[in-house]
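One structure is given here, and the rest of the page talks about it.
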Amino acid sequence: MRDGGAMTKGAERDQRGERTRIGLMIPSSNTMMEADFARELPVGWTLHTARMYMKDTTAAGENRMLDEFTLPAARDLGTARPHVVVFGCTSAGALRGSDYDRELCERISELTGAPTVSTIQAVRTAIERAAARRVGVVTPYVDELNDRIRASIEAGGVEVVRIAGLGMTENYQIARVPPDRITAFAVEALGGLDIDLVFASCTNFGAMEAIPELAARRPAGGDQQPCGAGRGRRTSDGGGSRRCCRVTRA
């Protein structure tokens with residue numbers, strides 16, 4: 001079920017003949033990730049979601065979610081006996097650093113009885129697999145969260161050449177940003193930069209639908225293609241890193 005921190009396609013049923021159950025933990029106001037995830041699951045796999053109370057995509061809102069609602073949600077999700085769990089909040093995974101993110105995933109695994117991967121962990125895996133050294137990032141976030149995303153990516157030895165955010169703080173509204181706006185923002189923010197890969201962060205950001213146009217418009221120049229980790233398909237930080245586009249120079 002896991003490969004370097006990412007989920008891969010496997011048998012539809014486990015050794016006991018049960019369907020493969022994916023556990024997903026998301027902020028309560030996230031309306032995008034469940035739909036993205038369910039759309040891409042292999043036939044016969046099922047998705048089971050636990051919600052962690054959060055309204056504001058700010059450090060204060062995410063700290064409260066981590067402190068008060070994350071572990072109870074993991075406990076509840078464990079009663080569905082998932083085979084693997086995804087912690088689906090990229091900025092919260094980056095907020096307190098890589099060590100905390102790893103420890104949180106270990107604690108979630110203890111409570112759910114299943115291996116756990118965070119979206120920020122899957123993002124780093126996707127960047128590593130793409131052999132990218134210079135990355136451009138677009139987000140819906142405020143600068144305080146962007147700084148934590150930058151630090152998390154750069155902890156893996158990758159340079160974030162630029163990270164630009166829309167400055168949004170109401171998580172529900174993030175899902176309402178249309179794909180063409182995300183594409184235009186990426187082109188505006190990252191156009192002309194010498195980068196190997198574009199990453200659109202936030203599991204509540206509609207970047208999955210923006211990937212084809214983003215790749216076609218090539219904000220950094222050169223040829224872009226989706227790069228992958230996540231579930232063995234085209235990736236963002238939703239299943240991991242389904243929202244990356246690689247830049248391949250001629």
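By convention here, the chains of the structure tokens are called A, B, ... in the order presented, each chain's residues are numbered starting at 1, and ligands are numbered starting at 1 in the order presented.
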Run DSSP on the backbone and grab whatever in region 73-120 of chain A lands in strand (DSSP E or B); send it over as a list in words.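 Filtering region 73-120 of chain A to strand (DSSP E or B) leaves Val84, Val85, Val86, Phe87, Thr116, Val117 and Ser118 of chain A.
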Let's have the selection written as a PDB file, in the first residue's frame, with N, CA and C atoms.
ATOM      1  N   VAL A  84      -4.810   2.212   5.053  1.00  0.00           N
ATOM      2  CA  VAL A  84      -3.818   3.286   5.027  1.00  0.00           C
ATOM      3  C   VAL A  84      -4.551   4.592   5.300  1.00  0.00           C
ATOM      4  N   VAL A  85      -3.856   5.563   5.893  1.00  0.00           N
ATOM      5  CA  VAL A  85      -4.464   6.848   6.244  1.00  0.00           C
ATOM      6  C   VAL A  85      -3.658   7.981   5.625  1.00  0.00           C
ATOM      7  N   VAL A  86      -4.361   8.992   5.133  1.00  0.00           N
ATOM      8  CA  VAL A  86      -3.747  10.207   4.601  1.00  0.00           C
ATOM      9  C   VAL A  86      -4.114  11.378   5.498  1.00  0.00           C
ATOM     10  N   PHE A  87      -3.097  12.084   6.001  1.00  0.00           N
ATOM     11  CA  PHE A  87      -3.340  13.338   6.717  1.00  0.00           C
ATOM     12  C   PHE A  87      -3.361  14.439   5.669  1.00  0.00           C
ATOM     13  N   THR A 116       0.414   5.707   7.934  1.00  0.00           N
ATOM     14  CA  THR A 116      -0.100   7.050   7.655  1.00  0.00           C
ATOM     15  C   THR A 116       0.918   7.842   6.850  1.00  0.00           C
ATOM     16  N   VAL A 117       0.435   8.564   5.863  1.00  0.00           N
ATOM     17  CA  VAL A 117       1.273   9.462   5.073  1.00  0.00           C
ATOM     18  C   VAL A 117       0.633  10.848   5.098  1.00  0.00           C
ATOM     19  N   SER A 118       1.440  11.885   5.251  1.00  0.00           N
ATOM     20  CA  SER A 118       0.930  13.256   5.182  1.00  0.00           C
ATOM     21  C   SER A 118       1.108  13.785   3.771  1.00  0.00           C
TER      22      SER A 118
END
Go through region 24-123 of chain A residue by residue and, counting only C-alpha atoms, keep those with an atom at most 9 Å from region 130-146 of chain A; for each kept residue give the shortest atom pair and its distance in Å to one decimal, ordered by chain and increasing number, as JSON lines.
{"residue": "A:Thr57", "atom": "CA", "partner": "A:Tyr141", "partner_atom": "CA", "distance": 7.2}
{"residue": "A:Thr58", "atom": "CA", "partner": "A:Leu145", "partner_atom": "CA", "distance": 6.9}
{"residue": "A:Ala59", "atom": "CA", "partner": "A:Leu145", "partner_atom": "CA", "distance": 6.6}
{"residue": "A:Ser91", "atom": "CA", "partner": "A:Leu145", "partner_atom": "CA", "distance": 6.4}
{"residue": "A:Ala92", "atom": "CA", "partner": "A:Leu145", "partner_atom": "CA", "distance": 8.5}
{"residue": "A:Ala94", "atom": "CA", "partner": "A:Leu145", "partner_atom": "CA", "distance": 8.3}
{"residue": "A:Leu95", "atom": "CA", "partner": "A:Leu145", "partner_atom": "CA", "distance": 7.0}
What are the closest atom pairs, with distances in Å to one decimal, for each residue of region 46-135 of chain A lying within 7 Å of region 151-157 of chain A, using only C-alpha atoms, rows by chain and rising residue number, as a Markdown table?
| residue | atom | partner | partner_atom | distance |
| --- | --- | --- | --- | --- |
| A:Ala94 | CA | A:Ser152 | CA | 5.7 |
| A:Gly97 | CA | A:Ser152 | CA | 6.4 |
| A:Ser98 | CA | A:Ser152 | CA | 6.5 |
| A:Arg124 | CA | A:Ile153 | CA | 6.3 |
Export of the given selection (C-alpha atoms) as a PDB file, in the first residue's frame:
ATOM      1  CA  ALA A  94       4.441  21.876   7.384  1.00  0.00           C
ATOM      2  CA  GLY A  97       8.361  21.232  10.914  1.00  0.00           C
ATOM      3  CA  SER A  98       9.240  17.837   9.459  1.00  0.00           C
ATOM      4  CA  ARG A 124       8.604  16.062  -0.916  1.00  0.00           C
TER       5      ARG A 124
END
Quick one: which region 61-178 of chain A residues come within 9 Å of region 20-37 of chain A, and what is the nearest atom pair for each with the distance in Å to one decimal, counting only C-alpha atoms, rows ordered by chain and ascending number, as JSON lines?
{"residue": "A:Glu62", "atom": "CA", "partner": "A:Pro27", "partner_atom": "CA", "distance": 8.8}
{"residue": "A:Met65", "atom": "CA", "partner": "A:Pro27", "partner_atom": "CA", "distance": 7.8}
{"residue": "A:Thr70", "atom": "CA", "partner": "A:Met25", "partner_atom": "CA", "distance": 8.1}
{"residue": "A:Ala73", "atom": "CA", "partner": "A:Met25", "partner_atom": "CA", "distance": 7.4}
{"residue": "A:Ala74", "atom": "CA", "partner": "A:Met25", "partner_atom": "CA", "distance": 7.4}
{"residue": "A:Leu77", "atom": "CA", "partner": "A:Gly23", "partner_atom": "CA", "distance": 6.8}
{"residue": "A:Gly78", "atom": "CA", "partner": "A:Gly23", "partner_atom": "CA", "distance": 8.3}
{"residue": "A:Ala80", "atom": "CA", "partner": "A:Gly23", "partner_atom": "CA", "distance": 8.1}
{"residue": "A:Arg81", "atom": "CA", "partner": "A:Arg21", "partner_atom": "CA", "distance": 7.6}
{"residue": "A:Pro82", "atom": "CA", "partner": "A:Arg21", "partner_atom": "CA", "distance": 4.9}
{"residue": "A:His83", "atom": "CA", "partner": "A:Arg21", "partner_atom": "CA", "distance": 5.4}
{"residue": "A:Val84", "atom": "CA", "partner": "A:Ile22", "partner_atom": "CA", "distance": 5.4}
{"residue": "A:Val85", "atom": "CA", "partner": "A:Gly23", "partner_atom": "CA", "distance": 4.4}
{"residue": "A:Val86", "atom": "CA", "partner": "A:Leu24", "partner_atom": "CA", "distance": 4.9}
{"residue": "A:Phe87", "atom": "CA", "partner": "A:Met25", "partner_atom": "CA", "distance": 5.0}
{"residue": "A:Gly88", "atom": "CA", "partner": "A:Ile26", "partner_atom": "CA", "distance": 4.9}
{"residue": "A:Cys89", "atom": "CA", "partner": "A:Ile26", "partner_atom": "CA", "distance": 6.1}
{"residue": "A:Thr112", "atom": "CA", "partner": "A:Gly23", "partner_atom": "CA", "distance": 8.9}
{"residue": "A:Ala114", "atom": "CA", "partner": "A:Gly23", "partner_atom": "CA", "distance": 8.8}
{"residue": "A:Thr116", "atom": "CA", "partner": "A:Gly23", "partner_atom": "CA", "distance": 8.9}
{"residue": "A:Glu170", "atom": "CA", "partner": "A:Ser29", "partner_atom": "CA", "distance": 8.8}
{"residue": "A:Asn171", "atom": "CA", "partner": "A:Ser29", "partner_atom": "CA", "distance": 6.1}
{"residue": "A:Tyr172", "atom": "CA", "partner": "A:Ser29", "partner_atom": "CA", "distance": 5.4}
{"residue": "A:Ile174", "atom": "CA", "partner": "A:Asn30", "partner_atom": "CA", "distance": 8.6}
{"residue": "A:Ala175", "atom": "CA", "partner": "A:Met32", "partner_atom": "CA", "distance": 6.1}
Considering only C-alpha atoms, state which residue in the set A:Trp45, A:Leu66, A:Ala215, A:Gly113 is at the smallest distance from Tyr100 (chain A). A:Leu66
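The coordinates place CA of Leu166 (chain A) at 19.0 Å from CA of Met54 (chain A).
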Using only C-alpha atoms: which of A:Leu197, A:Ile163, A:Ile120, A:Leu214 has the shortest distance to Pro179 (chain A): A:Leu214
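For the pair CA of Met168 (chain A) and CA of Glu40 (chain A), the interatomic distance is 27.3 Å.
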To one decimal place, how far is CA of Tyr53 (chain A) from CA of Phe69 (chain A) in Å?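 Separating CA of Tyr53 (chain A) from CA of Phe69 (chain A) is a distance of 6.2 Å.
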